[in-house]
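Everything below belongs to run.pdb, which stores PDB, C-alpha atoms.
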```pdb
MODEL        1
ATOM      1  CA  MET A   1      53.208  43.009  24.266  1.00  0.00           C
ATOM      2  CA  GLN A   2      55.896  41.616  26.531  1.00  0.00           C
ATOM      3  CA  ASP A   3      59.535  42.517  25.923  1.00  0.00           C
ATOM      4  CA  PHE A   4      61.687  39.429  25.315  1.00  0.00           C
ATOM      5  CA  SER A   5      64.809  41.396  24.455  1.00  0.00           C
ATOM      6  CA  TYR A   6      66.335  40.323  27.747  1.00  0.00           C
ATOM      7  CA  LEU A   7      67.076  36.725  26.692  1.00  0.00           C
ATOM      8  CA  ASN A   8      70.567  36.188  27.986  1.00  0.00           C
ATOM      9  CA  CYS A   9      72.255  34.891  24.842  1.00  0.00           C
ATOM     10  CA  THR A  10      75.731  33.587  25.586  1.00  0.00           C
ATOM     11  CA  LYS A  11      76.684  33.712  21.888  1.00  0.00           C
ATOM     12  CA  CYS A  12      77.758  30.072  22.036  1.00  0.00           C
ATOM     13  CA  GLY A  13      76.533  29.446  18.482  1.00  0.00           C
ATOM     14  CA  GLU A  14      74.869  26.143  19.371  1.00  0.00           C
ATOM     15  CA  CYS A  15      71.527  27.141  17.837  1.00  0.00           C
ATOM     16  CA  CYS A  16      73.384  27.704  14.554  1.00  0.00           C
ATOM     17  CA  ARG A  17      75.051  24.294  14.768  1.00  0.00           C
ATOM     18  CA  HIS A  18      71.752  22.401  14.690  1.00  0.00           C
ATOM     19  CA  ILE A  19      69.729  23.719  11.753  1.00  0.00           C
ATOM     20  CA  LYS A  20      69.488  20.735   9.409  1.00  0.00           C
ATOM     21  CA  HIS A  21      66.018  19.783  10.703  1.00  0.00           C
ATOM     22  CA  ILE A  22      64.571  23.298  10.430  1.00  0.00           C
ATOM     23  CA  PRO A  23      62.870  23.443   7.012  1.00  0.00           C
ATOM     24  CA  ALA A  24      63.216  27.222   6.713  1.00  0.00           C
ATOM     25  CA  LEU A  25      66.995  26.932   7.187  1.00  0.00           C
ATOM     26  CA  THR A  26      68.043  23.774   5.334  1.00  0.00           C
ATOM     27  CA  HIS A  27      69.484  25.827   2.467  1.00  0.00           C
ATOM     28  CA  PHE A  28      71.856  27.436   5.010  1.00  0.00           C
ATOM     29  CA  ALA A  29      73.103  24.095   6.392  1.00  0.00           C
ATOM     30  CA  ASN A  30      76.417  22.568   5.440  1.00  0.00           C
ATOM     31  CA  LYS A  31      76.930  18.770   5.370  1.00  0.00           C
ATOM     32  CA  GLU A  32      77.166  18.668   9.177  1.00  0.00           C
ATOM     33  CA  GLY A  33      73.951  20.664   9.646  1.00  0.00           C
ATOM     34  CA  ILE A  34      75.812  23.789  10.732  1.00  0.00           C
ATOM     35  CA  CYS A  35      74.810  27.169   9.344  1.00  0.00           C
ATOM     36  CA  ILE A  36      77.192  28.319   6.625  1.00  0.00           C
ATOM     37  CA  HIS A  37      77.016  31.834   8.058  1.00  0.00           C
ATOM     38  CA  LEU A  38      78.406  30.829  11.452  1.00  0.00           C
ATOM     39  CA  LYS A  39      81.980  32.063  11.773  1.00  0.00           C
ATOM     40  CA  GLY A  40      83.404  30.930  15.090  1.00  0.00           C
ATOM     41  CA  ASN A  41      80.391  31.618  17.278  1.00  0.00           C
ATOM     42  CA  ILE A  42      79.232  34.704  15.383  1.00  0.00           C
ATOM     43  CA  CYS A  43      76.661  35.005  12.593  1.00  0.00           C
ATOM     44  CA  ASP A  44      78.146  36.869   9.656  1.00  0.00           C
ATOM     45  CA  ILE A  45      74.651  37.916   8.472  1.00  0.00           C
ATOM     46  CA  TYR A  46      73.330  38.778  11.936  1.00  0.00           C
ATOM     47  CA  GLU A  47      71.741  42.089  10.922  1.00  0.00           C
ATOM     48  CA  THR A  48      69.924  40.472   7.973  1.00  0.00           C
ATOM     49  CA  ARG A  49      69.434  36.957   9.374  1.00  0.00           C
ATOM     50  CA  PRO A  50      66.171  35.149   8.632  1.00  0.00           C
ATOM     51  CA  ASP A  51      63.242  35.853  10.965  1.00  0.00           C
ATOM     52  CA  ILE A  52      63.348  32.270  12.268  1.00  0.00           C
ATOM     53  CA  CYS A  53      66.830  33.029  13.648  1.00  0.00           C
ATOM     54  CA  ASN A  54      65.585  36.061  15.556  1.00  0.00           C
ATOM     55  CA  TYR A  55      63.538  34.762  18.472  1.00  0.00           C
ATOM     56  CA  ILE A  56      61.516  37.978  18.767  1.00  0.00           C
ATOM     57  CA  LYS A  57      60.614  38.130  15.069  1.00  0.00           C
ATOM     58  CA  ALA A  58      60.095  34.350  15.020  1.00  0.00           C
ATOM     59  CA  TYR A  59      57.522  34.647  17.777  1.00  0.00           C
ATOM     60  CA  HIS A  60      55.493  37.214  15.880  1.00  0.00           C
ATOM     61  CA  ARG A  61      55.793  35.466  12.511  1.00  0.00           C
ATOM     62  CA  TYR A  62      55.559  31.782  13.432  1.00  0.00           C
ATOM     63  CA  PHE A  63      54.651  31.234  17.073  1.00  0.00           C
ATOM     64  CA  SER A  64      52.155  33.909  18.102  1.00  0.00           C
ATOM     65  CA  HIS A  65      49.577  31.180  18.723  1.00  0.00           C
ATOM     66  CA  ILE A  66      51.607  30.341  21.860  1.00  0.00           C
ATOM     67  CA  ARG A  67      51.471  32.575  24.940  1.00  0.00           C
ATOM     68  CA  GLN A  68      54.563  34.783  24.957  1.00  0.00           C
ATOM     69  CA  GLU A  69      55.598  33.546  28.407  1.00  0.00           C
ATOM     70  CA  LYS A  70      55.428  29.925  27.238  1.00  0.00           C
ATOM     71  CA  TYR A  71      57.355  30.764  24.069  1.00  0.00           C
ATOM     72  CA  TYR A  72      60.098  32.477  26.073  1.00  0.00           C
ATOM     73  CA  GLU A  73      60.247  29.453  28.370  1.00  0.00           C
ATOM     74  CA  LEU A  74      60.582  27.106  25.373  1.00  0.00           C
ATOM     75  CA  VAL A  75      63.307  29.235  23.774  1.00  0.00           C
ATOM     76  CA  THR A  76      65.243  29.332  27.037  1.00  0.00           C
ATOM     77  CA  LYS A  77      64.898  25.568  27.591  1.00  0.00           C
ATOM     78  CA  SER A  78      65.946  24.811  24.013  1.00  0.00           C
ATOM     79  CA  CYS A  79      68.998  27.007  24.387  1.00  0.00           C
ATOM     80  CA  MET A  80      69.987  25.354  27.659  1.00  0.00           C
ATOM     81  CA  GLU A  81      69.521  21.858  26.187  1.00  0.00           C
ATOM     82  CA  LEU A  82      71.707  22.665  23.184  1.00  0.00           C
ATOM     83  CA  GLN A  83      74.398  23.970  25.526  1.00  0.00           C
ATOM     84  CA  LYS A  84      74.179  20.795  27.649  1.00  0.00           C
ATOM     85  CA  ILE A  85      74.585  18.620  24.569  1.00  0.00           C
ATOM     86  CA  ALA A  86      77.578  20.647  23.427  1.00  0.00           C
ATOM     87  CA  HIS A  87      79.148  20.431  26.859  1.00  0.00           C
ATOM     88  CA  ALA A  88      78.567  16.663  27.034  1.00  0.00           C
ATOM     89  CA  ASN A  89      80.054  16.207  23.558  1.00  0.00           C
ATOM     90  CA  GLN A  90      83.096  18.256  24.526  1.00  0.00           C
ATOM     91  CA  TYR A  91      83.503  16.236  27.721  1.00  0.00           C
ATOM     92  CA  ASN A  92      83.276  12.938  25.781  1.00  0.00           C
ATOM     93  CA  LYS A  93      86.053  14.089  23.413  1.00  0.00           C
ATOM     94  CA  GLU A  94      88.467  14.623  26.307  1.00  0.00           C
TER      95      GLU A  94
ENDMDL
END
```
What is this file in structure tokens?
Amino acid sequence: MQDFSYLNCTKCGECCRHIKHIPALTHFANKEGICIHLKGNICDIYETRPDICNYIKAYHRYFSHIRQEKYYELVTKSCMELQKIAHANQYNKE
């Protein structure tokens, strides 16, 4: 089993700001689709967060049908895309 613990999370919180379309997390979403447990950029239930929020546990529970390398690539790309969107939105506000 490959070790994915090296994902370089920047703790930007963007993954937690876009949960309204994730069926397993809709009960955590506020009206804007942001997780109710996101405080600033930090999860206040991090140690007990759902498996879908933990990319390592999520792989084993939901995505093990995908090669681990491909899964890691998809997680990394998704993270980067969310950060790009956030940056573009911030730029458009200025």
**Q.** Contacts of segment 62-68 of chain A within 12 Å, only C-alpha atoms, excl. fewer than 2 positions in-chain, as a PyMOL selection string
**A.** chain A and resi 1-4+24+51-60+70-75
**Q.** Atomic distance atom CA of His18 of chain A - atom CA of Cys35 of chain A, expressed in Å with one decimal
**A.** 7.8 Å
Calculate, to one decimal in Å, the centre and edge lengths of the box along x, y and z of the file that holds all listed atoms of segment 84-88 of chain A with 5 Å of margin on each side, and present them as lines of an AutoDock Vina configuration file.
```
center_x = 76.7
center_y = 18.7
center_z = 25.5
size_x = 15.0
size_y = 14.1
size_z = 14.2
```
Q) the PyMOL selection byres ((chain A and resi 82) around 10) on the file shown: which residues, as a PyMOL selection string? A) chain A and resi 12-15+17-18+77-81+83-88
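Taking atom CA of Gln90 of chain A and atom CA of Asn41 of chain A as endpoints, the distance between them is 15.4 Å.
Of the listed residues A:Lys11, A:Asn89, A:Leu25, A:Arg61, the one whose atoms come nearest to Lys39 of chain A is A:Lys11, with distances taken using all atoms listed in the file.
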Specify as a PDB file with C-alpha atoms, in the coordinates of the input each residue included when the PyMOL selection byres ((chain A and resi 37) around 12) is applied to this file.
```pdb
ATOM      1  CA  GLY A  13      76.533  29.446  18.482  1.00  0.00           C
ATOM      2  CA  CYS A  16      73.384  27.704  14.554  1.00  0.00           C
ATOM      3  CA  ARG A  17      75.051  24.294  14.768  1.00  0.00           C
ATOM      4  CA  ILE A  19      69.729  23.719  11.753  1.00  0.00           C
ATOM      5  CA  LEU A  25      66.995  26.932   7.187  1.00  0.00           C
ATOM      6  CA  HIS A  27      69.484  25.827   2.467  1.00  0.00           C
ATOM      7  CA  PHE A  28      71.856  27.436   5.010  1.00  0.00           C
ATOM      8  CA  ALA A  29      73.103  24.095   6.392  1.00  0.00           C
ATOM      9  CA  ASN A  30      76.417  22.568   5.440  1.00  0.00           C
ATOM     10  CA  GLY A  33      73.951  20.664   9.646  1.00  0.00           C
ATOM     11  CA  ILE A  34      75.812  23.789  10.732  1.00  0.00           C
ATOM     12  CA  CYS A  35      74.810  27.169   9.344  1.00  0.00           C
ATOM     13  CA  ILE A  36      77.192  28.319   6.625  1.00  0.00           C
ATOM     14  CA  LEU A  38      78.406  30.829  11.452  1.00  0.00           C
ATOM     15  CA  LYS A  39      81.980  32.063  11.773  1.00  0.00           C
ATOM     16  CA  GLY A  40      83.404  30.930  15.090  1.00  0.00           C
ATOM     17  CA  ASN A  41      80.391  31.618  17.278  1.00  0.00           C
ATOM     18  CA  ILE A  42      79.232  34.704  15.383  1.00  0.00           C
ATOM     19  CA  CYS A  43      76.661  35.005  12.593  1.00  0.00           C
ATOM     20  CA  ASP A  44      78.146  36.869   9.656  1.00  0.00           C
ATOM     21  CA  ILE A  45      74.651  37.916   8.472  1.00  0.00           C
ATOM     22  CA  TYR A  46      73.330  38.778  11.936  1.00  0.00           C
ATOM     23  CA  GLU A  47      71.741  42.089  10.922  1.00  0.00           C
ATOM     24  CA  THR A  48      69.924  40.472   7.973  1.00  0.00           C
ATOM     25  CA  ARG A  49      69.434  36.957   9.374  1.00  0.00           C
ATOM     26  CA  PRO A  50      66.171  35.149   8.632  1.00  0.00           C
ATOM     27  CA  CYS A  53      66.830  33.029  13.648  1.00  0.00           C
TER      28      CYS A  53
END
```
